[in-house]
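Reading through the structure tokens given below for one structure.
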Amino acid sequence: MRLFLLCFFLFSVSMFSQEDLLAKEYSKNGEFEKALLAYQELHRNSANNNAYFLELIKMHQQLEQLDQAEALLIQQIERVKYPALYVELGYNYQLKNDLESANANYKKAISFLDENPNFAYSIGKFFENRSLLDQAITTYEKAMVLKPAMNFNIQLSRIYGEQGNVKKMFSSYLNFVDVNSSYLNTIKRAMSDFITDDSENENNLILKRLLLKKIQQEPNLLWNELLSWLFIQQKDYNKAFAQEKAIFNRQPESLERIEELAFVAMNDHDFDVSKTIFTYLAETAQNPDVKIGAHYNLLQIALKTETDLETIENTYLELFETFGKFNQTINLQVAYAHFLAFYKHDPQAATVFLKESLKLPLSDLDEGTVKLELGDILVLQEKFNEALIYFTQIQRNLKNSTLAQEARFKVAQTSYYKGDFKWAESQLKILKSSTSQLIANDALDLMLLITDNKFEDSTQAALKLYAKADLMAFQNKPNEAIALLNTILKNYKGQSIEDQALYKQGKLYESKNQFEKAVVNYQIIIANFKDDILADDAYFALAELYENQLQDPQKAKENYEQIIFNYQDSIYFVDARKRYRVLRGDDLN
């Protein structure tokens, strides 16, 4: 008997679920008569289910059966005490153009707050659902006056945003996070929809003024943090740094936030500010790891911005004098070896230096890091087989790690450089599903390059020349790589390798600040290979050049527009649309 009752119960639940889905489907498809019948049956079988009742009311309203809806609402109000139903009744009167009765019922709903402010949750939500935003605001504000412990600022923020009242919206968000600081990141995400990277944007200025006023009125580090966040969105990293220092001076617990800011500025190529911040970290940090890391990044910036290699080398040597050559400075040691090999062009000295580093009692991960750099230096010298030994050792010793996957990619890349395309392809197929998205993307790009060009001729002469040019680019020999790519463009015109050679050469021209030459290459790809895989890459590269280097926003806009309308499946689509709208001056709210 118990089993029978259980089966009957489950069958009933299943039937209700199916009826519910069917009613929703009818409503979604605009079949309101069928939806009405379905909800009448559901309401009849489950009279206390408020959701079914409200959907039933909506179906009557969709069919303009307003008198039936009114009668049902009045009957339900008499049966159950649920103040929010007065909102629905008022809205039904509004649909009948009886605004006096509508407003009377709205006021009646709000009056229940005097009895119990907790009714504001349902009453306010019902007003919002019917887009009665002024009444929703009145509800929430009255509830907070009656019961100050209640906090409806998040709801008010959303409503003010819908109304376009940005100042009140920001104020409500700030009031909410003042009481609920654990929601800080959520509030940042919400506010980010209303600000841009333009510091003169009106919304940015409104938020800035509100935060400065908060800082003056109540010394809470939360406001400094939010102001720093705003400056970061605007790429005003120096101003953000001032706020972060103020936070650290009052709460000197960790330099982590300042360190993060330094990386943000560096990754955005604001090397002056990132250098200032890393210098501050190097001088202020008590933690040796933070201090050494700051010096490491200062040297990375120097390599991008300075030409005096002797000064840079002396800085490395001074740091080793200060901090020593042991496990804690292993990243600094690897960076110094890279500097010797790729900037000082002394791979032999770099190799000797790293082999000394391998004698230290290193962890498997640190040993793998050293061997990865050793492998790169051997590839630089075209000692491919020896490099492959190191890369293979990393794979064996650090199975399934990101470093092992990077080493596998290096194996594929090295095999490609030496012309062993079959082995390279086999390794790249494995890496397509790498847990590292960056490695997976690089693997896919290289695999497509090989597969698209390996059948052009039996000797694979063009692909071998391209691989040689790619190696020269890796060896930091841009002029030689450009010259070899010219040979490919001359001797293999019309073959599938041509657009690859043009694109690679364009990127090399960019690295040498020869932007007009890069533009020509990208334009040739667009003119002659519009349907090939690199067309969207060329459009995006052109757009970025016009926007960031050649100061021609109109041409940048035109190229972003090509991606938006003709390459919707491009990986550049989202960025292109965003940049296009910014250049057009759209309000991104």
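To be explicit about the labels: the chains of the structure tokens are called A, B, and onward in the order shown, and within each one the residues are counted from 1, while ligands get numbers from 1 in the order they are shown.
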
Residue contacts of Leu545 (chain A) (9 Å, only C-alpha atoms) excluding same-chain residues fewer than 2 positions away, as a PDB file with N, CA and C atoms, in the first residue's frame:
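For reference, around21.pdb as written:
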ATOM      1  N   GLU A 510      56.054  45.412 -37.420  1.00  0.00           N
ATOM      2  CA  GLU A 510      55.536  46.080 -36.224  1.00  0.00           C
ATOM      3  C   GLU A 510      56.578  46.096 -35.111  1.00  0.00           C
ATOM      4  N   PHE A 515      55.534  50.696 -39.171  1.00  0.00           N
ATOM      5  CA  PHE A 515      54.102  50.452 -39.188  1.00  0.00           C
ATOM      6  C   PHE A 515      53.486  50.556 -40.587  1.00  0.00           C
ATOM      7  N   ALA A 518      53.952  47.367 -42.367  1.00  0.00           N
ATOM      8  CA  ALA A 518      53.036  46.354 -41.826  1.00  0.00           C
ATOM      9  C   ALA A 518      51.649  46.536 -42.422  1.00  0.00           C
ATOM     10  N   VAL A 519      51.212  47.798 -42.535  1.00  0.00           N
ATOM     11  CA  VAL A 519      49.896  48.087 -43.104  1.00  0.00           C
ATOM     12  C   VAL A 519      49.781  47.523 -44.517  1.00  0.00           C
ATOM     13  N   PHE A 540      42.061  42.838 -37.868  1.00  0.00           N
ATOM     14  CA  PHE A 540      42.238  43.269 -36.482  1.00  0.00           C
ATOM     15  C   PHE A 540      43.604  43.928 -36.284  1.00  0.00           C
ATOM     16  N   ALA A 541      44.646  43.361 -36.905  1.00  0.00           N
ATOM     17  CA  ALA A 541      45.984  43.956 -36.807  1.00  0.00           C
ATOM     18  C   ALA A 541      45.992  45.357 -37.401  1.00  0.00           C
ATOM     19  N   LEU A 542      45.308  45.516 -38.544  1.00  0.00           N
ATOM     20  CA  LEU A 542      45.210  46.842 -39.173  1.00  0.00           C
ATOM     21  C   LEU A 542      44.481  47.829 -38.264  1.00  0.00           C
ATOM     22  N   ALA A 543      43.359  47.384 -37.721  1.00  0.00           N
ATOM     23  CA  ALA A 543      42.567  48.256 -36.850  1.00  0.00           C
ATOM     24  C   ALA A 543      43.395  48.729 -35.662  1.00  0.00           C
ATOM     25  N   GLU A 547      44.474  52.520 -34.764  1.00  0.00           N
ATOM     26  CA  GLU A 547      44.009  53.107 -33.511  1.00  0.00           C
ATOM     27  C   GLU A 547      45.161  53.524 -32.602  1.00  0.00           C
ATOM     28  N   ASN A 548      46.147  52.642 -32.457  1.00  0.00           N
ATOM     29  CA  ASN A 548      47.168  52.844 -31.421  1.00  0.00           C
ATOM     30  C   ASN A 548      48.474  53.453 -31.917  1.00  0.00           C
ATOM     31  N   GLN A 549      48.810  53.252 -33.189  1.00  0.00           N
ATOM     32  CA  GLN A 549      50.117  53.712 -33.673  1.00  0.00           C
ATOM     33  C   GLN A 549      50.009  54.838 -34.694  1.00  0.00           C
ATOM     34  N   LEU A 550      49.032  54.740 -35.604  1.00  0.00           N
ATOM     35  CA  LEU A 550      48.945  55.703 -36.703  1.00  0.00           C
ATOM     36  C   LEU A 550      47.918  56.796 -36.448  1.00  0.00           C
ATOM     37  N   GLN A 551      47.231  56.721 -35.300  1.00  0.00           N
ATOM     38  CA  GLN A 551      46.291  57.768 -34.862  1.00  0.00           C
ATOM     39  C   GLN A 551      45.271  58.115 -35.948  1.00  0.00           C
ATOM     40  N   ASP A 552      44.668  57.087 -36.500  1.00  0.00           N
ATOM     41  CA  ASP A 552      43.626  57.284 -37.512  1.00  0.00           C
ATOM     42  C   ASP A 552      42.381  56.497 -37.083  1.00  0.00           C
ATOM     43  N   ALA A 556      40.578  52.854 -38.274  1.00  0.00           N
ATOM     44  CA  ALA A 556      40.489  51.788 -37.263  1.00  0.00           C
ATOM     45  C   ALA A 556      39.060  51.296 -37.177  1.00  0.00           C
TER      46      ALA A 556
END

Ser199 (chain A): which residues within 12 Å, counting only C-alpha atoms, same-chain residues fewer than 2 positions away excluded, as a JSON list (two decimals) with N, CA and C atoms, in the first residue's frame?
[["chain", "number", "residue", "atom", "x", "y", "z"],
["A", 195, "ILE", "N", 30.46, 52.70, -16.50],
["A", 195, "ILE", "CA", 31.63, 53.56, -16.65],
["A", 195, "ILE", "C", 32.46, 53.08, -17.85],
["A", 196, "THR", "N", 33.37, 53.92, -18.30],
["A", 196, "THR", "CA", 34.22, 53.59, -19.45],
["A", 196, "THR", "C", 35.68, 53.83, -19.06],
["A", 197, "ASP", "N", 36.58, 53.68, -20.04],
["A", 197, "ASP", "CA", 37.99, 53.96, -19.77],
["A", 197, "ASP", "C", 38.32, 55.45, -20.00],
["A", 201, "ASN", "N", 34.38, 60.90, -18.97],
["A", 201, "ASN", "CA", 33.01, 60.43, -19.13],
["A", 201, "ASN", "C", 32.18, 60.90, -17.93],
["A", 202, "GLU", "N", 30.96, 61.37, -18.20],
["A", 202, "GLU", "CA", 30.13, 61.97, -17.14],
["A", 202, "GLU", "C", 29.88, 61.00, -15.99],
["A", 203, "ASN", "N", 29.61, 59.73, -16.32],
["A", 203, "ASN", "CA", 29.36, 58.75, -15.26],
["A", 203, "ASN", "C", 30.60, 58.53, -14.40],
["A", 204, "ASN", "N", 31.77, 58.49, -15.06],
["A", 204, "ASN", "CA", 33.02, 58.34, -14.30],
["A", 204, "ASN", "C", 33.20, 59.50, -13.33],
["A", 205, "LEU", "N", 32.90, 60.69, -13.81],
["A", 205, "LEU", "CA", 33.07, 61.88, -12.97],
["A", 205, "LEU", "C", 32.09, 61.86, -11.79],
["A", 206, "ILE", "N", 30.87, 61.40, -12.04],
["A", 206, "ILE", "CA", 29.88, 61.31, -10.96],
["A", 206, "ILE", "C", 30.37, 60.37, -9.87],
["A", 207, "LEU", "N", 30.84, 59.18, -10.27],
["A", 207, "LEU", "CA", 31.31, 58.21, -9.29],
["A", 207, "LEU", "C", 32.54, 58.73, -8.54],
["A", 208, "LYS", "N", 33.43, 59.38, -9.27],
["A", 208, "LYS", "CA", 34.64, 59.94, -8.64],
["A", 208, "LYS", "C", 34.26, 60.96, -7.57],
["A", 230, "LEU", "N", 38.32, 52.55, -9.75],
["A", 230, "LEU", "CA", 37.85, 53.45, -10.81],
["A", 230, "LEU", "C", 39.02, 53.96, -11.64],
["A", 231, "PHE", "N", 40.10, 54.37, -10.99],
["A", 231, "PHE", "CA", 41.27, 54.86, -11.71],
["A", 231, "PHE", "C", 41.87, 53.77, -12.61],
["A", 232, "ILE", "N", 41.84, 52.53, -12.14],
["A", 232, "ILE", "CA", 42.37, 51.42, -12.95],
["A", 232, "ILE", "C", 41.51, 51.23, -14.20],
["A", 233, "GLN", "N", 40.17, 51.33, -14.05],
["A", 233, "GLN", "CA", 39.30, 51.22, -15.23],
["A", 233, "GLN", "C", 39.63, 52.30, -16.25],
["A", 234, "GLN", "N", 40.05, 53.46, -15.74],
["A", 234, "GLN", "CA", 40.38, 54.59, -16.62],
["A", 234, "GLN", "C", 41.83, 54.56, -17.08],
["A", 235, "LYS", "N", 42.56, 53.55, -16.63],
["A", 235, "LYS", "CA", 44.00, 53.42, -16.94],
["A", 235, "LYS", "C", 44.82, 54.56, -16.35],
["A", 236, "ASP", "N", 44.29, 55.19, -15.29],
["A", 236, "ASP", "CA", 45.05, 56.22, -14.55],
["A", 236, "ASP", "C", 45.81, 55.51, -13.43],
["A", 237, "TYR", "N", 46.84, 54.76, -13.84],
["A", 237, "TYR", "CA", 47.51, 53.88, -12.88],
["A", 237, "TYR", "C", 48.28, 54.66, -11.81],
["A", 239, "LYS", "N", 47.34, 57.48, -10.41],
["A", 239, "LYS", "CA", 46.36, 57.89, -9.40],
["A", 239, "LYS", "C", 45.92, 56.69, -8.57]]

I need the residues of region 125-161 of chain A that end up classed as helix (DSSP H, G or I) by DSSP on the backbone, written out as a list in words.
Lys125, Phe126, Phe127, Glu128, Asn129, Leu133, Asp134, Gln135, Ala136, Ile137, Thr138, Thr139, Tyr140, Glu141, Lys142, Ala143, Met144, Val145, Leu146, Asn153, Ile154, Gln155, Leu156, Ser157, Arg158, Ile159, Tyr160 and Gly161 of chain A

Can you tell me, as number ranges by chain, what residues are no more than 10 Å from Ser111 (chain A) when counting only C-alpha atoms, ignoring any on the same chain fewer than 5 positions away?
A: 83, 105-106, 116-117, 119, 139, 142

Residue contacts of Asn297 (chain A) (12 Å, only C-alpha atoms) excluding same-chain residues fewer than 5 positions away, as a list of chain:residue names
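Selected residues are A:Glu259, A:Ala262, A:Phe263, A:Ala265, A:Met266, A:Asn267, A:Phe271, A:Ser274, A:Lys275, A:Thr276, A:Ile277, A:Phe278, A:Thr279, A:Leu281, A:Ala282, A:Val290, A:Lys291, A:Ile292, A:Ala302, A:Leu303, A:Lys304, A:Tyr316, A:Asn331, A:Leu332, A:Ala335.
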
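Between CA of Asp442 (chain A) and CA of Leu471 (chain A) there is a distance of 15.4 Å.
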
Please indicate the distance in Å from CA of Ala285 (chain A) to CA of Leu255 (chain A), rounded to one decimal place.
7.3 Å
